[in-house]
Structures are given as structure tokens and as C-alpha cells.
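Asks: This is the content of my_file-v3.pdb (PDB, C-alpha atoms):
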ATOM      1  CA  MET A  20     -18.567   0.857 -15.278
ATOM      2  CA  ILE A  21     -16.891  -0.566 -12.153
ATOM      3  CA  ILE A  22     -20.135  -1.373 -10.268
ATOM      4  CA  GLN A  23     -21.106  -4.490 -12.198
ATOM      5  CA  ASN A  24     -24.637  -4.904 -10.800
ATOM      6  CA  PHE A  25     -25.520  -1.223 -11.185
ATOM      7  CA  GLU A  26     -28.793  -1.796 -13.077
ATOM      8  CA  GLU A  27     -29.924  -4.415 -10.582
ATOM      9  CA  LEU A  28     -29.382  -2.046  -7.631
ATOM     10  CA  ALA A  29     -30.516   1.256  -9.190
ATOM     11  CA  ILE A  30     -34.241   0.614  -8.673
ATOM     12  CA  THR A  31     -35.107   4.151  -7.515
ATOM     13  CA  GLU A  32     -33.795   7.591  -8.480
ATOM     14  CA  LYS A  33     -32.184   8.048  -5.049
ATOM     15  CA  LYS A  34     -30.419   4.709  -5.251
ATOM     16  CA  LYS A  35     -29.297   5.495  -8.784
ATOM     17  CA  ASP A  36     -27.876   8.814  -7.581
ATOM     18  CA  CYS A  37     -26.029   7.085  -4.725
ATOM     19  CA  LEU A  38     -24.545   4.485  -7.053
ATOM     20  CA  GLU A  39     -23.453   7.115  -9.577
ATOM     21  CA  ILE A  40     -21.781   9.093  -6.793
ATOM     22  CA  LEU A  41     -20.005   5.938  -5.609
ATOM     23  CA  GLU A  42     -19.010   5.064  -9.183
ATOM     24  CA  SER A  43     -17.369   8.476  -9.590
ATOM     25  CA  GLY A  44     -15.255   7.788  -6.504
ATOM     26  CA  LEU A  45     -14.273   4.349  -7.772
ATOM     27  CA  GLN A  46     -13.313   5.788 -11.160
ATOM     28  CA  ALA A  47     -11.109   8.353  -9.416
ATOM     29  CA  ALA A  48      -9.201   5.413  -7.908
ATOM     30  CA  ASN A  49      -8.998   3.501 -11.189
ATOM     31  CA  PRO A  50      -5.287   3.171 -12.132
ATOM     32  CA  GLU A  51      -6.181   3.403 -15.825
ATOM     33  CA  ASN A  52      -7.402   6.952 -15.163
ATOM     34  CA  ILE A  53      -4.424   7.781 -12.940
ATOM     35  CA  ILE A  54      -1.262   6.290 -14.476
ATOM     36  CA  SER A  55      -1.794   7.991 -17.838
ATOM     37  CA  LYS A  56      -1.687  11.401 -16.128
ATOM     38  CA  TYR A  57       1.974  10.854 -15.268
ATOM     39  CA  VAL A  58       3.381   8.248 -17.639
ATOM     40  CA  THR A  59       4.089   8.437 -21.370
ATOM     41  CA  PRO A  60       6.073   5.990 -23.551
ATOM     42  CA  ASN A  61       9.152   8.226 -23.130
ATOM     43  CA  GLU A  62       8.987   9.697 -19.640
ATOM     44  CA  ILE A  63       7.381   9.968 -16.235
ATOM     45  CA  ARG A  64       6.285  13.506 -15.315
ATOM     46  CA  ILE A  65       5.422  14.079 -11.690
ATOM     47  CA  ASN A  66       5.656  16.914  -9.140
ATOM     48  CA  GLY A  67       7.425  19.129 -11.675
ATOM     49  CA  LYS A  68      10.096  16.504 -12.376
ATOM     50  CA  ILE A  69      10.711  14.649 -15.614
ATOM     51  CA  PHE A  70      12.204  11.139 -15.596
ATOM     52  CA  ASN A  71      13.525  10.114 -18.992
ATOM     53  CA  ILE A  72      12.865   6.389 -19.285
ATOM     54  CA  GLU A  73      14.268   6.023 -22.815
ATOM     55  CA  LYS A  74      17.820   5.919 -21.483
ATOM     56  CA  TYR A  75      17.349   2.561 -19.746
ATOM     57  CA  SER A  76      18.185  -0.713 -21.475
ATOM     58  CA  ASN A  77      15.204  -2.474 -19.888
ATOM     59  CA  ILE A  78      12.214  -1.447 -17.798
ATOM     60  CA  TYR A  79      10.618  -3.752 -15.227
ATOM     61  CA  THR A  80       7.743  -3.470 -12.775
ATOM     62  CA  VAL A  81       7.299  -4.778  -9.258
ATOM     63  CA  ALA A  82       3.719  -4.309  -8.071
ATOM     64  CA  PHE A  83       2.278  -5.231  -4.687
ATOM     65  CA  GLY A  84      -0.969  -4.303  -2.990
ATOM     66  CA  LYS A  85      -4.679  -4.504  -3.697
ATOM     67  CA  ALA A  86      -4.301  -2.464  -6.906
ATOM     68  CA  ALA A  87      -1.136  -4.220  -8.134
ATOM     69  CA  ASP A  88      -2.768  -5.979 -11.073
ATOM     70  CA  SER A  89      -4.677  -2.951 -12.380
ATOM     71  CA  MET A  90      -1.667  -0.650 -11.892
ATOM     72  CA  THR A  91       0.495  -3.052 -13.884
ATOM     73  CA  ARG A  92      -2.078  -3.313 -16.665
ATOM     74  CA  ALA A  93      -2.326   0.473 -16.849
ATOM     75  CA  ILE A  94       1.416   1.080 -17.116
ATOM     76  CA  ASN A  95       1.985  -1.905 -19.411
ATOM     77  CA  SER A  96      -0.444  -0.370 -21.912
ATOM     78  CA  ILE A  97       1.823   2.696 -22.127
ATOM     79  CA  ILE A  98       5.392   1.442 -21.655
ATOM     80  CA  SER A  99       7.114  -1.635 -23.031
ATOM     81  CA  ILE A 100       7.741  -3.598 -19.819
ATOM     82  CA  LYS A 101      10.233  -6.439 -20.194
ATOM     83  CA  SER A 102       8.980  -8.432 -17.198
ATOM     84  CA  GLY A 103       7.633  -7.994 -13.712
ATOM     85  CA  ILE A 104       6.089  -9.383 -10.550
ATOM     86  CA  ILE A 105       2.528  -8.827  -9.315
ATOM     87  CA  VAL A 106       1.522  -9.616  -5.726
ATOM     88  CA  ILE A 107      -2.185  -9.398  -4.919
ATOM     89  CA  PRO A 108      -4.444 -10.708  -2.116
ATOM     90  CA  LYS A 109      -5.579 -14.313  -2.104
ATOM     91  CA  GLY A 110      -9.019 -14.518  -3.684
ATOM     92  CA  SER A 111      -8.234 -11.787  -6.208
ATOM     93  CA  LYS A 112      -7.989 -12.812  -9.845
ATOM     94  CA  ALA A 113      -5.341 -11.133 -11.970
ATOM     95  CA  LYS A 114      -6.650  -9.933 -15.321
ATOM     96  CA  ILE A 115      -3.209  -9.512 -16.832
ATOM     97  CA  LYS A 116      -2.360 -12.654 -18.802
ATOM     98  CA  ALA A 117       1.102 -11.923 -20.226
ATOM     99  CA  LYS A 118       3.535 -14.675 -19.235
ATOM    100  CA  ARG A 119       6.332 -12.191 -18.574
ATOM    101  CA  PHE A 120       4.549 -11.211 -15.343
ATOM    102  CA  GLN A 121       4.899 -13.559 -12.386
ATOM    103  CA  ILE A 122       1.796 -13.467 -10.172
ATOM    104  CA  PHE A 123       1.455 -14.314  -6.487
ATOM    105  CA  ASN A 124      -1.748 -14.467  -4.445
ATOM    106  CA  SER A 125      -0.688 -13.846  -0.844
ATOM    107  CA  GLY A 126      -2.445 -13.640   2.527
ATOM    108  CA  HIS A 127      -4.217 -10.481   3.702
ATOM    109  CA  PRO A 128      -4.525  -8.986   6.320
ATOM    110  CA  LYS A 129      -2.262 -11.667   7.799
ATOM    111  CA  PRO A 130       0.791 -12.944   5.880
ATOM    112  CA  ASP A 131       1.030 -16.576   4.819
ATOM    113  CA  LYS A 132       3.586 -18.884   3.171
ATOM    114  CA  THR A 133       2.895 -17.327  -0.230
ATOM    115  CA  SER A 134       3.698 -13.906   1.264
ATOM    116  CA  VAL A 135       7.151 -15.238   2.178
ATOM    117  CA  LYS A 136       7.664 -16.872  -1.225
ATOM    118  CA  ALA A 137       6.595 -13.673  -2.997
ATOM    119  CA  ALA A 138       8.930 -11.549  -0.863
ATOM    120  CA  LYS A 139      11.906 -13.788  -1.626
ATOM    121  CA  GLU A 140      11.175 -13.686  -5.357
ATOM    122  CA  VAL A 141      10.742  -9.903  -5.318
ATOM    123  CA  MET A 142      13.996  -9.416  -3.404
ATOM    124  CA  LYS A 143      15.888 -11.679  -5.819
ATOM    125  CA  PHE A 144      14.299  -9.973  -8.822
ATOM    126  CA  VAL A 145      15.291  -6.503  -7.563
ATOM    127  CA  GLN A 146      18.856  -7.407  -6.635
ATOM    128  CA  ASN A 147      19.555  -9.081  -9.993
ATOM    129  CA  LYS A 148      18.874  -5.995 -12.099
ATOM    130  CA  LYS A 149      21.788  -4.016 -13.612
ATOM    131  CA  SER A 150      22.798  -0.365 -13.229
ATOM    132  CA  ASP A 151      21.437   0.627 -16.670
ATOM    133  CA  GLU A 152      17.999  -0.867 -15.971
ATOM    134  CA  LEU A 153      14.917   0.617 -14.274
ATOM    135  CA  ILE A 154      12.331  -0.870 -11.945
ATOM    136  CA  ILE A 155       9.030   0.961 -11.538
ATOM    137  CA  PHE A 156       7.548  -0.018  -8.180
ATOM    138  CA  LEU A 157       3.741   0.098  -8.157
ATOM    139  CA  VAL A 158       2.635   0.207  -4.550
ATOM    140  CA  SER A 159      -0.845   0.174  -3.019
ATOM    141  CA  GLY A 160      -2.525  -0.608   0.281
ATOM    142  CA  GLY A 161      -2.277  -4.132   1.658
ATOM    143  CA  GLY A 162       1.332  -4.621   0.630
ATOM    144  CA  SER A 163       2.507  -5.118   4.214
ATOM    145  CA  SER A 164       1.010  -8.591   4.539
ATOM    146  CA  LEU A 165       1.396  -9.558   0.882
ATOM    147  CA  LEU A 166       5.193  -9.424   1.162
ATOM    148  CA  ALA A 167       6.622 -11.004   4.307
ATOM    149  CA  MET A 168      10.250 -11.782   5.056
ATOM    150  CA  PRO A 169      10.541 -12.400   8.815
ATOM    151  CA  ASP A 170      13.911 -11.453  10.293
ATOM    152  CA  GLN A 171      15.209 -14.388  12.378
ATOM    153  CA  ILE A 172      11.728 -15.316  13.576
ATOM    154  CA  THR A 173       9.217 -17.819  12.210
ATOM    155  CA  LEU A 174       6.256 -16.913  10.049
ATOM    156  CA  SER A 175       3.929 -18.181  12.792
ATOM    157  CA  ASP A 176       5.561 -15.765  15.255
ATOM    158  CA  LYS A 177       5.098 -12.928  12.762
ATOM    159  CA  ILE A 178       1.437 -13.876  12.254
ATOM    160  CA  HIS A 179       0.916 -14.039  16.024
ATOM    161  CA  VAL A 180       2.346 -10.535  16.491
ATOM    162  CA  THR A 181       0.252  -9.291  13.549
ATOM    163  CA  ASP A 182      -2.867 -10.764  15.139
ATOM    164  CA  LEU A 183      -2.134  -9.168  18.519
ATOM    165  CA  LEU A 184      -1.570  -5.762  16.953
ATOM    166  CA  LEU A 185      -4.739  -6.023  14.853
ATOM    167  CA  LYS A 186      -6.794  -6.661  17.989
ATOM    168  CA  SER A 187      -4.981  -4.122  20.182
ATOM    169  CA  GLY A 188      -6.353  -0.981  18.535
ATOM    170  CA  ALA A 189      -2.882   0.140  17.426
ATOM    171  CA  THR A 190      -2.801   2.738  14.645
ATOM    172  CA  ILE A 191      -1.514   1.762  11.193
ATOM    173  CA  GLN A 192       1.654   3.767  11.922
ATOM    174  CA  GLU A 193       2.257   1.863  15.176
ATOM    175  CA  PHE A 194       1.363  -1.425  13.520
ATOM    176  CA  ASN A 195       3.876  -0.874  10.737
ATOM    177  CA  CYS A 196       6.615   0.356  13.069
ATOM    178  CA  VAL A 197       6.688  -3.046  14.758
ATOM    179  CA  ARG A 198       6.411  -4.942  11.469
ATOM    180  CA  LYS A 199       9.315  -3.022   9.915
ATOM    181  CA  HIS A 200      11.610  -3.991  12.775
ATOM    182  CA  LEU A 201      10.781  -7.669  12.391
ATOM    183  CA  SER A 202      11.293  -7.728   8.622
ATOM    184  CA  LYS A 203      14.119  -8.042   6.099
ATOM    185  CA  ILE A 204      12.146  -6.250   3.372
ATOM    186  CA  LYS A 205      10.061  -3.445   4.888
ATOM    187  CA  GLY A 206      10.995   0.124   5.818
ATOM    188  CA  GLY A 207      13.088   0.595   2.661
ATOM    189  CA  LYS A 208      15.058  -2.627   3.007
ATOM    190  CA  LEU A 209      13.790  -3.962  -0.331
ATOM    191  CA  VAL A 210      15.647  -1.288  -2.291
ATOM    192  CA  GLU A 211      18.518  -0.641   0.127
ATOM    193  CA  ASN A 212      21.147  -2.642  -1.784
ATOM    194  CA  MET A 213      19.798  -2.732  -5.331
ATOM    195  CA  LYS A 214      22.165  -1.791  -8.169
ATOM    196  CA  CYS A 215      19.599  -0.597 -10.721
ATOM    197  CA  ASN A 216      17.545   2.587 -10.812
ATOM    198  CA  GLY A 217      14.049   2.774  -9.431
ATOM    199  CA  ILE A 218      11.000   4.937  -8.880
ATOM    200  CA  GLY A 219       7.957   4.289  -6.696
ATOM    201  CA  LEU A 220       4.434   5.215  -7.826
ATOM    202  CA  ILE A 221       2.069   4.875  -4.891
ATOM    203  CA  MET A 222      -1.680   4.747  -4.358
ATOM    204  CA  SER A 223      -2.270   5.843  -0.777
ATOM    205  CA  ASP A 224      -4.868   4.447   1.604
ATOM    206  CA  VAL A 225      -3.469   5.957   4.821
ATOM    207  CA  GLU A 226      -3.927   9.162   6.762
ATOM    208  CA  ASN A 227      -1.957  12.156   5.435
ATOM    209  CA  ASN A 228      -0.529   9.956   2.641
ATOM    210  CA  ASP A 229       2.380   8.919   4.855
ATOM    211  CA  ILE A 230       4.621   7.001   2.438
ATOM    212  CA  SER A 231       6.451   5.287   5.305
ATOM    213  CA  SER A 232       3.138   3.674   6.319
ATOM    214  CA  ILE A 233       1.825   2.596   2.911
ATOM    215  CA  ALA A 234       2.782  -1.085   2.545
ATOM    216  CA  SER A 235       5.140  -0.434   5.495
ATOM    217  CA  GLY A 236       7.325   1.861   3.372
ATOM    218  CA  THR A 237       8.871  -1.094   1.541
ATOM    219  CA  THR A 238      10.433   1.111  -1.174
ATOM    220  CA  TYR A 239      10.911   4.189   0.985
ATOM    221  CA  MET A 240      12.624   4.594   4.380
ATOM    222  CA  ASP A 241      11.729   4.465   8.049
ATOM    223  CA  ASN A 242      12.082   7.137  10.709
ATOM    224  CA  THR A 243      11.072   4.866  13.592
ATOM    225  CA  THR A 244      13.407   2.840  15.795
ATOM    226  CA  TYR A 245      13.609  -0.432  17.703
ATOM    227  CA  GLN A 246      12.881   1.623  20.811
ATOM    228  CA  ASP A 247       9.676   2.902  19.215
ATOM    229  CA  ALA A 248       8.628  -0.661  18.390
ATOM    230  CA  MET A 249       9.234  -1.793  21.975
ATOM    231  CA  ASN A 250       7.350   1.217  23.332
ATOM    232  CA  ILE A 251       4.314   0.275  21.211
ATOM    233  CA  ILE A 252       4.346  -3.276  22.533
ATOM    234  CA  GLU A 253       4.473  -1.936  26.093
ATOM    235  CA  LYS A 254       1.811   0.712  25.386
ATOM    236  CA  TYR A 255      -0.730  -1.958  24.448
ATOM    237  CA  LYS A 256       0.452  -4.328  27.217
ATOM    238  CA  LEU A 257       1.463  -7.046  24.761
ATOM    239  CA  LYS A 258       4.897  -7.902  26.166
ATOM    240  CA  MET A 259       3.737 -10.979  28.086
ATOM    241  CA  ARG A 260       1.928 -12.286  25.000
ATOM    242  CA  ILE A 261       4.726 -11.711  22.478
ATOM    243  CA  PRO A 262       6.995 -14.716  21.645
ATOM    244  CA  ILE A 263      10.395 -14.504  23.361
ATOM    245  CA  GLU A 264      12.140 -14.753  19.964
ATOM    246  CA  VAL A 265      10.416 -11.549  18.842
ATOM    247  CA  LEU A 266      11.403  -9.727  22.023
ATOM    248  CA  GLN A 267      15.005 -10.907  21.519
ATOM    249  CA  ILE A 268      15.103  -9.423  18.006
ATOM    250  CA  LEU A 269      13.819  -6.087  19.277
ATOM    251  CA  GLY A 270      16.195  -6.273  22.248
ATOM    252  CA  ASN A 271      19.169  -6.889  19.958
ATOM    253  CA  GLY A 272      18.187  -3.828  17.978
ATOM    254  CA  LEU A 273      17.900  -1.761  21.152
ATOM    255  CA  HIS A 274      21.474  -2.719  22.056
ATOM    256  CA  ASN A 275      22.848  -1.967  18.562
ATOM    257  CA  GLN A 276      23.374  -5.639  17.763
ATOM    258  CA  LYS A 277      21.181  -5.296  14.670
ATOM    259  CA  SER A 278      21.163  -2.593  12.005
ATOM    260  CA  GLU A 279      18.391  -0.018  12.110
ATOM    261  CA  THR A 280      15.950   0.402   9.237
ATOM    262  CA  PRO A 281      17.180   2.762   6.461
ATOM    263  CA  LYS A 282      16.810   6.423   7.436
ATOM    264  CA  HIS A 283      17.258   7.824   3.911
ATOM    265  CA  ALA A 284      15.246   6.975   0.798
ATOM    266  CA  LYS A 285      17.243   5.149  -1.875
ATOM    267  CA  ILE A 286      14.772   5.965  -4.659
ATOM    268  CA  GLU A 287      12.165   8.640  -5.345
ATOM    269  CA  ASN A 288       8.616   7.754  -4.265
ATOM    270  CA  TYR A 289       5.479   9.637  -5.285
ATOM    271  CA  VAL A 290       1.849   9.405  -4.226
ATOM    272  CA  ILE A 291      -0.204   9.464  -7.428
ATOM    273  CA  ALA A 292      -3.644   8.891  -5.879
ATOM    274  CA  SER A 293      -5.243   9.035  -2.439
ATOM    275  CA  ASN A 294      -8.509   8.658  -0.546
ATOM    276  CA  ASN A 295      -9.052  12.392  -0.915
ATOM    277  CA  ASP A 296      -9.124  12.102  -4.717
ATOM    278  CA  CYS A 297     -12.071   9.716  -4.389
ATOM    279  CA  LEU A 298     -13.861  11.977  -1.916
ATOM    280  CA  GLU A 299     -13.408  15.053  -4.095
ATOM    281  CA  SER A 300     -14.791  13.239  -7.127
ATOM    282  CA  MET A 301     -17.804  11.998  -5.159
ATOM    283  CA  GLU A 302     -18.333  15.444  -3.657
ATOM    284  CA  LYS A 303     -18.370  17.019  -7.121
ATOM    285  CA  GLU A 304     -20.763  14.414  -8.518
ATOM    286  CA  ALA A 305     -23.137  14.774  -5.539
ATOM    287  CA  ALA A 306     -23.125  18.567  -5.831
ATOM    288  CA  THR A 307     -24.087  18.390  -9.526
ATOM    289  CA  LYS A 308     -27.084  16.296  -8.493
ATOM    290  CA  GLY A 309     -28.185  18.983  -6.036
ATOM    291  CA  TYR A 310     -27.126  17.306  -2.783
ATOM    292  CA  LYS A 311     -25.671  19.157   0.187
ATOM    293  CA  VAL A 312     -22.259  17.599   0.723
ATOM    294  CA  ILE A 313     -20.550  16.905   4.045
ATOM    295  CA  LYS A 314     -17.070  15.454   3.600
ATOM    296  CA  ILE A 315     -15.350  13.613   6.426
ATOM    297  CA  GLN A 316     -12.327  11.321   6.595
ATOM    298  CA  ILE A 317     -12.004   9.055   9.619
ATOM    299  CA  PHE A 318      -9.114   6.689  10.294
ATOM    300  CA  GLY A 319      -8.464   4.149  13.031
ATOM    301  CA  ASP A 320     -10.639   1.649  14.888
ATOM    302  CA  ILE A 321     -13.843   0.973  12.926
ATOM    303  CA  LYS A 322     -16.083   1.071  16.026
ATOM    304  CA  GLU A 323     -14.801   4.494  16.995
ATOM    305  CA  ALA A 324     -14.951   5.679  13.381
ATOM    306  CA  VAL A 325     -18.637   4.754  13.100
ATOM    307  CA  LYS A 326     -19.428   6.622  16.342
ATOM    308  CA  LYS A 327     -17.663   9.763  15.093
ATOM    309  CA  PHE A 328     -19.362   9.567  11.725
ATOM    310  CA  TRP A 329     -22.834   9.083  13.245
ATOM    311  CA  LYS A 330     -22.297  11.937  15.695
ATOM    312  CA  LYS A 331     -21.308  14.305  12.881
ATOM    313  CA  PHE A 332     -24.196  13.117  10.722
ATOM    314  CA  LEU A 333     -26.766  13.782  13.449
ATOM    315  CA  LYS A 334     -25.258  17.200  14.183
ATOM    316  CA  ASN A 335     -25.498  18.275  10.550
ATOM    317  CA  LYS A 336     -28.973  16.781  10.173
ATOM    318  CA  LYS A 337     -30.137  18.812  13.168
ATOM    319  CA  HIS A 338     -28.893  22.051  11.588
ATOM    320  CA  ALA A 339     -30.116  21.222   8.094
TER     321      ALA A 339
END
Any chance you could put this one into C-alpha cells?
Replies:
Amino acid sequence: MIIQNFEELAITEKKKDCLEILESGLQAANPENIISKYVTPNEIRINGKIFNIEKYSNIYTVAFGKAADSMTRAINSIISIKSGIIVIPKGSKAKIKAKRFQIFNSGHPKPDKTSVKAAKEVMKFVQNKKSDELIIFLVSGGGSSLLAMPDQITLSDKIHVTDLLLKSGATIQEFNCVRKHLSKIKGGKLVENMKCNGIGLIMSDVENNDISSIASGTTYMDNTTYQDAMNIIEKYKLKMRIPIEVLQILGNGLHNQKSETPKHAKIENYVIASNNDCLESMEKEAATKGYKVIKIQIFGDIKEAVKKFWKKFLKNKKHA
């Protein structure tokens, strides 16, 4: 059971029901229950495609995000992984103990010095692999701050911009658009020049499972531009508060003095789990217990999300 203090909390039948419904959602997001659906010792089967992994001389993993440790443990129990890197939030404790996995505990939701160190190690690790080898990228939410490689700006400038965007009310898509254009690793740049083969298995925590937004599309691509990034800064009236060095980077990109983010995916990326999987599992569990189920997904500013949720709750309660 994932809820460790279940017995302590389940002091009434209603509370027990609520906890069991929540547990079903958590289990639906448990990588051990997800990875095995797609991965066998010989192949990865997903979306009607079969990837033969026996043909590679070595298989590695690079995992970053809140679920990086558990995703690595799940896949390592199925496939013989030669070595890998795991990047998880500071305060999290990795359960995987094998020495062949290098572990970093980076800052979240703001990057820190460990985020930069982790990004450099991941980039070096990826670029050193040979053409007959395979890297399985295990990506989950939170990866944007866990890997940070500022492009010609300081980490403090990057943190300052991150802080401004967090407080501005910008959407995750807008947030990541700016971050991608200030980074040497995001928006597909991590895999842009690698020589080996790769595949991305992704646990989504964003609206519509937009792969370019999950962990800032580090293993994918980016369809936004420097102009888009500048427009976002102007939209939220942040230009006067942004460091001049950051504006210069974006300005250089606007005038074609810097390369755009990759517009084509170098490797295949697949969403293997999402928020909706959790909701569906909880909905099913609640229905079996005789509850009327109202399912709603709300993204964006938490204050606005709570208002929308409460409004819908009261409306349905009135008609119940």
C-alpha cells in the first residue's frame, strides 16, 4: 500500500472509502504497475510498435523527474541496465541502491547548483554513448528544474526569471517556452547531437499530455520560438524586471544570432501514464463503492482552480 498511515487515518467507513479511492489513483501512477505493461526483457511494445532491445550492445537509463527513482527501479527489474543516472528533487530519498546508478538530488521548483551539475553529467553521459547502444529516457514531471544548463546567463539570473514566471500566473506552456530558450539542454537539445539510439518513456503531469511541456520537452522538440518567449515576457509585463543578460540572449535569438530550439524530434517519445489514468482508476473504485462520481481536471493557477472546482461542486450538489 502506498498510503503508509492508512490504518491511522481510516477511523470511519467514509474515511476508509476515501483513502481506498485515493490509493487506487496512486497505484495507477505507480511505475511498477505501468512499466511492465510495455517493457519485457527483449522488447518495448507501445502504440502498436515493437522496439527490439536485444540488438543493442548495452542499455542505459537516464531518468529525471519526481518519479525518476521508481521508474528506474521498475525498468531495472525487467531489463539488464548497464548503468544510468537518476535525478530527483532535493528531500527525496532514492530507494535504488545499485552503484551503477548515479543519483542527484536537485532543486525544485527552482533550479540550484546541483541542477546544473546533474545537467552537465547527463549531457556528458548521453554524448559519450556509441551508435550500437541504447538509452531509455524515463521522464516525469518536475524535470525542468532538476536539470538546468543556463545558456550564457548565470544560474542566479535563471532562478530570478523562474521566480518571476512562477508568480506571474503564466501557464506551464508559457513558462517552459521561456525556459527552453534560455537553456542548452531543454526543448530537445539534450538528444540533438547524440550518436546512440534512444527512446523516451514519459509520465505526464500536464494538460493534454503535451510532450513538449513535460520537463520542458528535454528529449523531444520545441515548436515555440524566441519571439514567443519575448511575447510572454511582455504579456506579463516582466521586461523591466528581467536581467539585461537574459533579454540579450532572447534578442540575439530574435535576430538569428543564436540557433533556434530543435523543431524535429530526434528520438521517439511516448506517454505511458497520465493524470487521467489516475482519475479513471479513482472513478471506477468510487463507483464500486456506490458513490456518484463527478470527474473534473483543472490546470493553471491554484486559486482559480479552487474557485472553479468549488463552483462545480456546489452546482452538482444543488442538483443532486
Asks: Report as a PyMOL selection string the residues that result from applying the PyMOL selection byres ((chain A and resi 135) around 12) to the structure here.
Replies: chain A and resi 106+123-126+129-134+136-142+163-170+173-175+177-178+202-204
Asks: If you measure from CA of Thr280 in chain A to CA of Asn294 in chain A, what distance in Å do you get, rounded to one decimal?
Replies: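 CA of Asn294 in chain A lies 27.6 Å from CA of Thr280 in chain A.
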Asks: Could you list, as a list in words, every residue within 8 Å of Ala86 in chain A, counting all atoms listed in the file and ignoring same-chain residues fewer than 4 positions away?
Replies: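 Counting only the stated atoms, we get Pro50, Met90, Ile107, Val158, Ser159 and Gly160 of chain A.
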Asks: Under the rule that all atoms listed in the file are counted, which of A:His200, A:Lys311, A:Lys68, A:Lys148 is the nearest residue to Val265 in chain A?
Replies: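 Checking each candidate against Val265 in chain A, we get A:His200 as the closest.
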Asks: Counting all atoms listed in the file, which of A:Ile321, A:Leu209, A:Leu220, A:Leu184 gets nearest to Ala87 in chain A?
Replies: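 That would be A:Leu220, the residue with the smallest distance to Ala87 in chain A.
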Asks: Just want the 12 Å neighbourhood of Thr190 in chain A, counted on all atoms listed in the file, with same-chain residues fewer than 2 positions away dropped. Output as a list in words.
Replies: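 Surrounding residues, per the criterion: Leu184, Leu185, Lys186, Ser187, Gly188, Gln192, Glu193, Phe194, Asn195, Cys196, Val197, Val225, Glu226, Ser232, Ile251, Lys254, Tyr255, Phe318, Gly319, Asp320 and Ile321 of chain A.
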Asks: Could you check which of A:Cys297, A:Phe70, A:Ile263, A:Gln23 is closest to Gln171 in chain A, using only C-alpha atoms?
Replies: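 For Gln171 in chain A, the nearest of the candidates is A:Ile263.
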Asks: Could you state the separation of CA of Tyr79 in chain A and CA of Thr91 in chain A in Å, given to one decimal place?
Replies: 10.2 Å
Asks: From the list A:Ile54, A:Ile65, A:Ile30, A:Leu45, which residue is nearest Arg92 in chain A when using all atoms listed in the file?
Replies: A:Ile54
Asks: To one decimal place, how far is CA of Pro60 in chain A from CA of Ile98 in chain A in Å?
Replies: 5.0 Å
Asks: Measuring atom to atom with only C-alpha atoms, identify which of A:Ser76, A:Ser293, A:Asn71, A:Gln146 is nearest to Lys214 in chain A.
Replies: A:Gln146
Asks: For this file, the PyMOL selection byres ((chain A and resi 286) around 7) selects which residues, as an NGL selection string?
Replies: :A and (217-218 or 284-285 or 287-288)
Asks: Measuring atom to atom with only C-alpha atoms, identify which of A:Val290, A:Ile154, A:Leu38, A:Ala248 is nearest to Ala305 in chain A.
Replies: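 Smallest separation from Ala305 in chain A among the options: A:Leu38.
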Asks: Leaving out Leu298 in chain A and any residue of its chain fewer than 2 positions from it, which residues lie within 12 Å of it when counting only C-alpha atoms, given as number ranges by chain?
Replies: A: 40-48, 292-296, 300-305, 312-316
Asks: The residues within 10 Å of (12.9, 8.2, 2.6), using all atoms listed in the file and the coordinates of the file, should be reported as a VMD selection string; which are they?
Replies: chain A and resid 206 to 207 230 to 231 236 238 to 242 281 to 288
Asks: Given 8 Å of margin on each side, can you work out the centre and size in Å (one decimal) of an axis-aligned box holding every listed atom of range 79-86 of chain A, as AutoDock Vina command-line options?
Replies:
--center_x 3.0 --center_y -3.8 --center_z -9.1 --size_x 31.3 --size_y 18.8 --size_z 28.2
Asks: I want to know what sits within 12 Å of Asn271 in chain A, based on only C-alpha atoms, with residues of the same chain fewer than 2 positions away left out; could you give that as a ChimeraX atom specification?
Replies: /A:170-171,200-201,245-246,249,264-269,273-279
